[in-house]
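Only one structure is covered here, and it is reproduced in the block below.
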Amino acid sequence: MTKDYIRHQGKIERIEKHKVYVRIEQKASCSDCHAKSVCFASDKKDKIIEVNDRSGRYSPREDVIISVRSSMGLFAVVIAFTIPLILVILSVIAGTSASGDEGIGGLAGLSVLVPYYFILYLFRGILKKKFIFTLSKSPERTHNVTNYS
């Protein structure tokens, strides 16, 4: 792996057809990771990641390493946080300017999030195809992945 990937140690929860569900846990090393600002693994204790895999090389409860391109982490931050922030700010300004009331501006800012996240929900299939996670066997006797480079 090169610097272009974010890697996490995980354990396979279950396998259904050609989908492998991997549980990743937040480790103390996440706070020192240079990619923590673009990595969703650093905001919660456990995550289940769905990975397409047709190899049949993996089995439930097996330790694995899950990887994703760093650029995909940045893309996720942009669509989940940056774009909504910009939309809220613009809506607050537009609502306040149009009505002259800051309360209306605030409601306009909040209300713009509902259609935005609904649209993201509708396009979740396309987004799933864009975020490609890969699996690899975990080295023997390795319980933590501390090298994120």
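Here's how to read the names in the structure tokens: chain A, B, ... by the order shown, residue numbers from 1 in each chain, ligand numbers from 1 in the order shown.
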If we count only C-alpha atoms and set the cut-off at 7 Å, which residues sit around region 15-19 of chain A, ignoring sequence neighbours fewer than 5 positions away in its own chain? Please answer as a PyMOL selection string.
chain A and resi 50-54+60
Run DSSP on the backbone and give me the residues of region 22-141 of chain A it puts in strand (DSSP E), as JSON, numbers by chain.
{"A": [22, 23, 24, 25, 46, 47, 48, 49, 50, 51, 52, 63, 64, 65, 66, 67, 68, 69, 134, 135, 136, 137]}
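By only C-alpha atoms, and with residues fewer than 5 positions from Val92 (chain A) along its chain excluded, the set lying at most 7 Å from it is Gly105, Gly106, Ala108 and Gly109 of chain A.
If you measure from each of A:Ser59, A:Ile93, A:Val64, A:Lys47 to Gln9 (chain A) using only C-alpha atoms, the closest one turns out to be A:Val64.
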Atomic distance CA of Glu102 (chain A) - CA of Phe118 (chain A), expressed in Å with one decimal
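So the two atoms, CA of Glu102 (chain A) and CA of Phe118 (chain A), lie 25.4 Å apart.
When only C-alpha atoms are used to compute distances to Arg61 (chain A), the closest of the residues A:Ile126, A:Leu135, A:Ile12, A:Ile104 turns out to be A:Ile12.
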Could you tell me, as a ChimeraX atom specification, which residues of region 27-143 of chain A DSSP assigns to helix (DSSP H, G or I) when given the backbone?
/A:28-32,36-38,40-43,70-99,102-111,113-122,124-130
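Nearest residue to His8 (chain A) among A:Lys137, A:Arg57, A:Lys129, A:Arg124 is A:Lys137, counting only C-alpha atoms.
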Counting only C-alpha atoms, what is within 9 Å of Asp4 (chain A), bar same-chain residues fewer than 5 positions away, as a list in words?
Val68, Arg69, Ser70, Ser71 and Ser149 of chain A
Just to be explicit: take each residue in the selection above, keep C-alpha atoms, and write the result as a PDB file, in the first residue's frame.
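result_11.pdb, freshly written:
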ATOM      1  CA  VAL A  68      -9.896   2.884   0.420  1.00  0.00           C
ATOM      2  CA  ARG A  69      -8.231   5.578  -1.657  1.00  0.00           C
ATOM      3  CA  SER A  70      -7.489   8.753   0.322  1.00  0.00           C
ATOM      4  CA  SER A  71      -9.177  10.810  -2.392  1.00  0.00           C
ATOM      5  CA  SER A 149       1.141   5.638   5.248  1.00  0.00           C
TER       6      SER A 149
END
Could you check the closest approach to Val20 (chain A) for each of A:Tyr116, A:Phe123, A:Phe133, A:Phe81 and tell me which residue wins, using only C-alpha atoms?
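For Val20 (chain A), the nearest of the candidates is A:Phe133.
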